[in-house]
Amino acid sequence: MTRLSIVHRTGYRYNDVVTLSYNEARMTPLTDAQQVVLESSLKVYPQNVAMSTYRDYWGTRVNAFDMQAQHDVLEVTATSTVEVHRAETPAGGAAVVEWEALRSFEIQDQFSDWLSQTPLSHTGDEVQELVHAAAGGLDPNASALALFEWMRGEMDYVPGFTGVHTSAEEAWQERKGVCQDLAHLAIGGLRGLGIPARYVSGYIHPRSSAAIGEKVAGQSHAWVEWWDGQWRSWDPTNHKPAGDFHVSVARGRDYRDVPPLKGILSGGGGSALNVQVEITRLA
């Protein structure tokens with residue numbers, strides 16, 4: 001178990017005046033069976049905003065706000081304290097379903113959102129052939145683990161080669177990407193095998209050796225959950241299941257369902273973006 005304090009600041013400085021904007025922030029961690037949000041807040045500057053909160057289709061908490069006064073900066077600060085207690089079971093066991101059950105109408109219908117490829121998870125034919133070669137003849141759980149092991153030898157974590165609109169196929173062509181790209185590639189491979197898979201966005205404390213009370217530069221992060229009789233997690237960037245230093249914020253089909261901050265605006269003339277994440281281990 002860990003208790004983590006997270007401060008996530010996102011700031012835009014516009015080249016010209018923005019006359020009005022509508023924004024959605026997905027920056028508040030989830031409360032579920034593996035973590036509990038003890039406290040959270042979201043502050044916006046300038047402060048003259050009308051804000052509402054709702055849960056989207058995927059269960060993510062969304063803070064929606066509009067600004068109808070002229071402004072040339074936008075700053076959003078999300079602060080939360082989360083207690084994480086994950087009990088991961090990455091290996092096989094009695095809960096693992098067989099392919100026959102996974103391909104049944106009932107399962108296909110129940111998990112239809114997590115089985116269809118999206119433009120970002122589409123991998124192309126080459127990856128699907130390689131994935132089936134690596135995972136063929138295995139049960140669903142072993143197939144997923146074989147896929148992750150295959151990816152470990154094929155993709156390098158290298159920032160700067162991709163962006164938020166890069167697809168899994170495009171990242172594969174470079175053989176490089178960041179956590180978002182590795183998650184999309186893993187999801188595309190899992191769905192290609194017929195295994196339900198979803199994208200998870202959140203935070204990761206990058207240094208487990210940090211002292212309690214020590215602030216560190218944290219990271220927004222992405223990983224994968226897949227279903228083979230129960231939901232399991234895998235972080236393809238760090239080659240392991242999500243643990244007590246991972247904090248989930250949102251789940252969706254791909255990144256487009258879970259961006260931390262998005263909006264529409266009038267004016268602006270371009271902007272400079274600054275993002276900072278600070279994480280402190282409290283226990």
# chains A, B, ... in the order shown; residues from 1 in each chain; ligands from 1
call {"tool": "residues_around", "arguments": {"residues": "stretch 211-222 of chain A", "least_positions_apart": "4", "cutoff": "6 Å", "atoms": "only C-alpha atoms", "output": "list in words"}}
result
Cys179, Gln180, Val200, Ser201, Gly202, Tyr203, Ile204, His205, Val277, Glu278, Ile279, Thr280, Arg281 and Leu282 of chain A
call {"tool": "residues_around", "arguments": {"residues": "A:His239", "least_positions_apart": "6", "cutoff": "9 Å", "atoms": "only C-alpha atoms", "output": "number ranges by chain"}}
result
A: 148-149, 152
call {"tool": "write_last_selection", "arguments": {"atoms": "C-alpha atoms", "output": "mmCIF file, in the first residue's frame"}}
result
data_model
loop_
_atom_site.group_PDB
_atom_site.id
_atom_site.type_symbol
_atom_site.label_atom_id
_atom_site.label_comp_id
_atom_site.auth_asym_id
_atom_site.auth_seq_id
_atom_site.Cartn_x
_atom_site.Cartn_y
_atom_site.Cartn_z
ATOM 1 C CA PHE A 148 4.107 -8.263 -23.949
ATOM 2 C CA GLU A 149 7.372 -10.185 -24.032
ATOM 3 C CA ARG A 152 9.807 -5.772 -25.090
#
call {"tool": "residues_around", "arguments": {"residues": "stretch 37-54 of chain A", "least_positions_apart": "2", "cutoff": "7 Å", "atoms": "only C-alpha atoms", "output": "mmCIF file with C-alpha atoms, in the first residue's frame"}}
result
data_model
loop_
_atom_site.group_PDB
_atom_site.id
_atom_site.type_symbol
_atom_site.label_atom_id
_atom_site.label_comp_id
_atom_site.auth_asym_id
_atom_site.auth_seq_id
_atom_site.Cartn_x
_atom_site.Cartn_y
_atom_site.Cartn_z
ATOM 1 C CA THR A 28 -9.070 13.494 -10.833
ATOM 2 C CA PRO A 29 -8.039 9.907 -9.946
ATOM 3 C CA LEU A 30 -10.599 7.123 -9.787
ATOM 4 C CA THR A 31 -11.871 5.458 -6.669
ATOM 5 C CA GLN A 35 -7.307 2.752 -4.967
ATOM 6 C CA ASP A 56 -18.464 10.296 -18.734
ATOM 7 C CA ARG A 61 -14.782 12.145 -13.456
ATOM 8 C CA VAL A 62 -14.837 15.192 -15.728
ATOM 9 C CA ASN A 63 -14.602 18.826 -14.599
ATOM 10 C CA ALA A 64 -16.165 20.935 -17.350
ATOM 11 C CA PHE A 65 -15.744 24.709 -17.303
ATOM 12 C CA ASP A 66 -16.246 27.621 -19.664
ATOM 13 C CA MET A 67 -14.561 31.023 -19.648
ATOM 14 C CA LEU A 74 -5.163 29.333 -18.702
ATOM 15 C CA GLU A 75 -3.857 27.422 -15.704
ATOM 16 C CA VAL A 76 -5.436 24.266 -14.298
ATOM 17 C CA THR A 77 -4.128 22.709 -11.081
ATOM 18 C CA ALA A 78 -5.417 19.340 -9.893
ATOM 19 C CA THR A 79 -4.437 18.216 -6.389
ATOM 20 C CA SER A 80 -5.271 14.812 -4.960
ATOM 21 C CA THR A 81 -4.310 12.357 -2.251
ATOM 22 C CA VAL A 82 -4.747 8.704 -3.180
ATOM 23 C CA GLU A 83 -4.248 5.472 -1.274
#
call {"tool": "residues_around", "arguments": {"residues": "A:Gly269", "least_positions_apart": "5", "cutoff": "9 Å", "atoms": "only C-alpha atoms", "output": "number ranges by chain"}}
result
A: 14-18
call {"tool": "select_by_dssp", "arguments": {"residues": "stretch 131-234 of chain A", "states": "strand (DSSP E)", "output": "list in words"}}
result
Asp156, Tyr157, Lys176, Gly177, Ala197, Arg198, Tyr199, Val200, Ser201, Gly202, Tyr203, Ile204, Lys215, Val216, Ala217, Gln219, Ser220, His221, Ala222, Trp223, Val224, Glu225, Trp226, Trp227, Trp231, Arg232, Ser233 and Trp234 of chain A
call {"tool": "write_last_selection", "arguments": {"atoms": "C-alpha atoms", "output": "CSV table (one decimal), in the first residue's frame"}}
result
chain,number,residue,atom,x,y,z
A,156,ASP,CA,12.1,1.4,-27.6
A,157,TYR,CA,10.9,4.1,-25.3
A,176,LYS,CA,10.0,4.0,-31.1
A,177,GLY,CA,7.5,5.9,-28.9
A,197,ALA,CA,-8.3,-4.5,-23.8
A,198,ARG,CA,-8.6,-0.9,-22.6
A,199,TYR,CA,-6.3,2.1,-22.3
A,200,VAL,CA,-5.6,3.5,-18.8
A,201,SER,CA,-4.2,7.0,-18.2
A,202,GLY,CA,-2.9,8.2,-14.9
A,203,TYR,CA,0.3,8.9,-13.0
A,204,ILE,CA,3.3,7.0,-11.9
A,215,LYS,CA,8.6,15.6,-3.6
A,216,VAL,CA,9.7,14.1,-6.9
A,217,ALA,CA,9.0,15.1,-10.5
A,219,GLN,CA,4.8,11.7,-14.8
A,220,SER,CA,1.5,11.4,-16.5
A,221,HIS,CA,1.5,7.8,-17.7
A,222,ALA,CA,-0.4,5.2,-19.7
A,223,TRP,CA,-0.7,1.5,-19.5
A,224,VAL,CA,-3.1,-1.4,-20.4
A,225,GLU,CA,-5.7,-3.5,-18.8
A,226,TRP,CA,-6.9,-6.8,-20.5
A,227,TRP,CA,-9.6,-9.3,-19.6
A,231,TRP,CA,-9.2,-7.6,-15.6
A,232,ARG,CA,-5.4,-7.6,-15.3
A,233,SER,CA,-3.0,-4.8,-15.9
A,234,TRP,CA,0.3,-4.4,-17.7
call {"tool": "residues_around", "arguments": {"residues": "stretch 190-193 of chain A", "least_positions_apart": "5", "cutoff": "7 Å", "atoms": "only C-alpha atoms", "output": "list of chain:residue names"}}
result
A:Leu115, A:Ser116, A:Gln117, A:Gln128, A:Ala144
call {"tool": "residues_around", "arguments": {"residues": "A:Glu126", "least_positions_apart": "5", "cutoff": "12 Å", "atoms": "only C-alpha atoms", "output": "list in words"}}
result
Val131, His132, Ala133, Ala168, Glu169, Glu170, Trp172, Gln173, Gly188, Gly189 and Gly192 of chain A
call {"tool": "write_last_selection", "arguments": {"atoms": "N, CA and C atoms", "output": "compact mmCIF listing (two decimals), in the first residue's frame"}}
result
# COMPACT_ATOMS: atom_id res chain seq x y z
N VAL A 131 2.31 -10.89 -33.94
CA VAL A 131 1.67 -11.18 -32.65
C VAL A 131 1.10 -12.60 -32.65
N HIS A 132 0.42 -12.98 -33.72
CA HIS A 132 -0.14 -14.33 -33.78
C HIS A 132 0.96 -15.39 -33.80
N ALA A 133 2.09 -15.06 -34.43
CA ALA A 133 3.21 -16.01 -34.42
C ALA A 133 3.78 -16.17 -33.02
N ALA A 168 -0.84 3.32 -33.46
CA ALA A 168 0.05 2.21 -33.14
C ALA A 168 0.85 1.80 -34.37
N GLU A 169 0.22 1.80 -35.54
CA GLU A 169 0.91 1.41 -36.75
C GLU A 169 2.05 2.39 -37.07
N GLU A 170 1.81 3.68 -36.89
CA GLU A 170 2.84 4.68 -37.16
C GLU A 170 3.99 4.55 -36.17
N TRP A 172 4.87 1.79 -34.69
CA TRP A 172 5.56 0.55 -35.05
C TRP A 172 6.54 0.78 -36.20
N GLN A 173 6.16 1.60 -37.15
CA GLN A 173 7.06 1.87 -38.27
C GLN A 173 8.35 2.53 -37.82
N GLY A 188 -3.79 -2.85 -29.48
CA GLY A 188 -4.08 -3.33 -30.83
C GLY A 188 -3.74 -4.79 -31.00
N GLY A 189 -2.63 -5.22 -30.40
CA GLY A 189 -2.25 -6.63 -30.47
C GLY A 189 -3.22 -7.52 -29.72
N GLY A 192 -6.46 -7.74 -31.57
CA GLY A 192 -6.28 -8.57 -32.75
C GLY A 192 -6.34 -10.05 -32.43
call {"tool": "residues_around", "arguments": {"residues": "A:Gly263", "least_positions_apart": "2", "cutoff": "8 Å", "atoms": "only C-alpha atoms", "output": "MDAnalysis selection string"}}
result
chainID A and resid 21:24 261 265
call {"tool": "closest_residue", "arguments": {"among": "A:Pro241, A:Ala33, A:Ala186, A:Arg9", "to": "A:His122", "atoms": "only C-alpha atoms"}}
result
A:Ala186
call {"tool": "closest_residue", "arguments": {"among": "A:Phe245, A:Val258, A:His85, A:Ser167", "to": "A:Thr118", "atoms": "only C-alpha atoms"}}
result
A:Ser167
call {"tool": "closest_residue", "arguments": {"among": "A:Tyr12, A:Gly194, A:Thr19, A:Val275", "to": "A:Gln108", "atoms": "only C-alpha atoms"}}
result
A:Gly194
call {"tool": "atom_distance", "arguments": {"atom1": "atom CA of A:Lys262", "atom2": "atom CA of A:His165"}}
result
13.5 Å
call {"tool": "closest_residue", "arguments": {"among": "A:Arg55, A:Gly153, A:Gly270, A:Val84", "to": "A:Ser5", "atoms": "only C-alpha atoms"}}
result
A:Val84
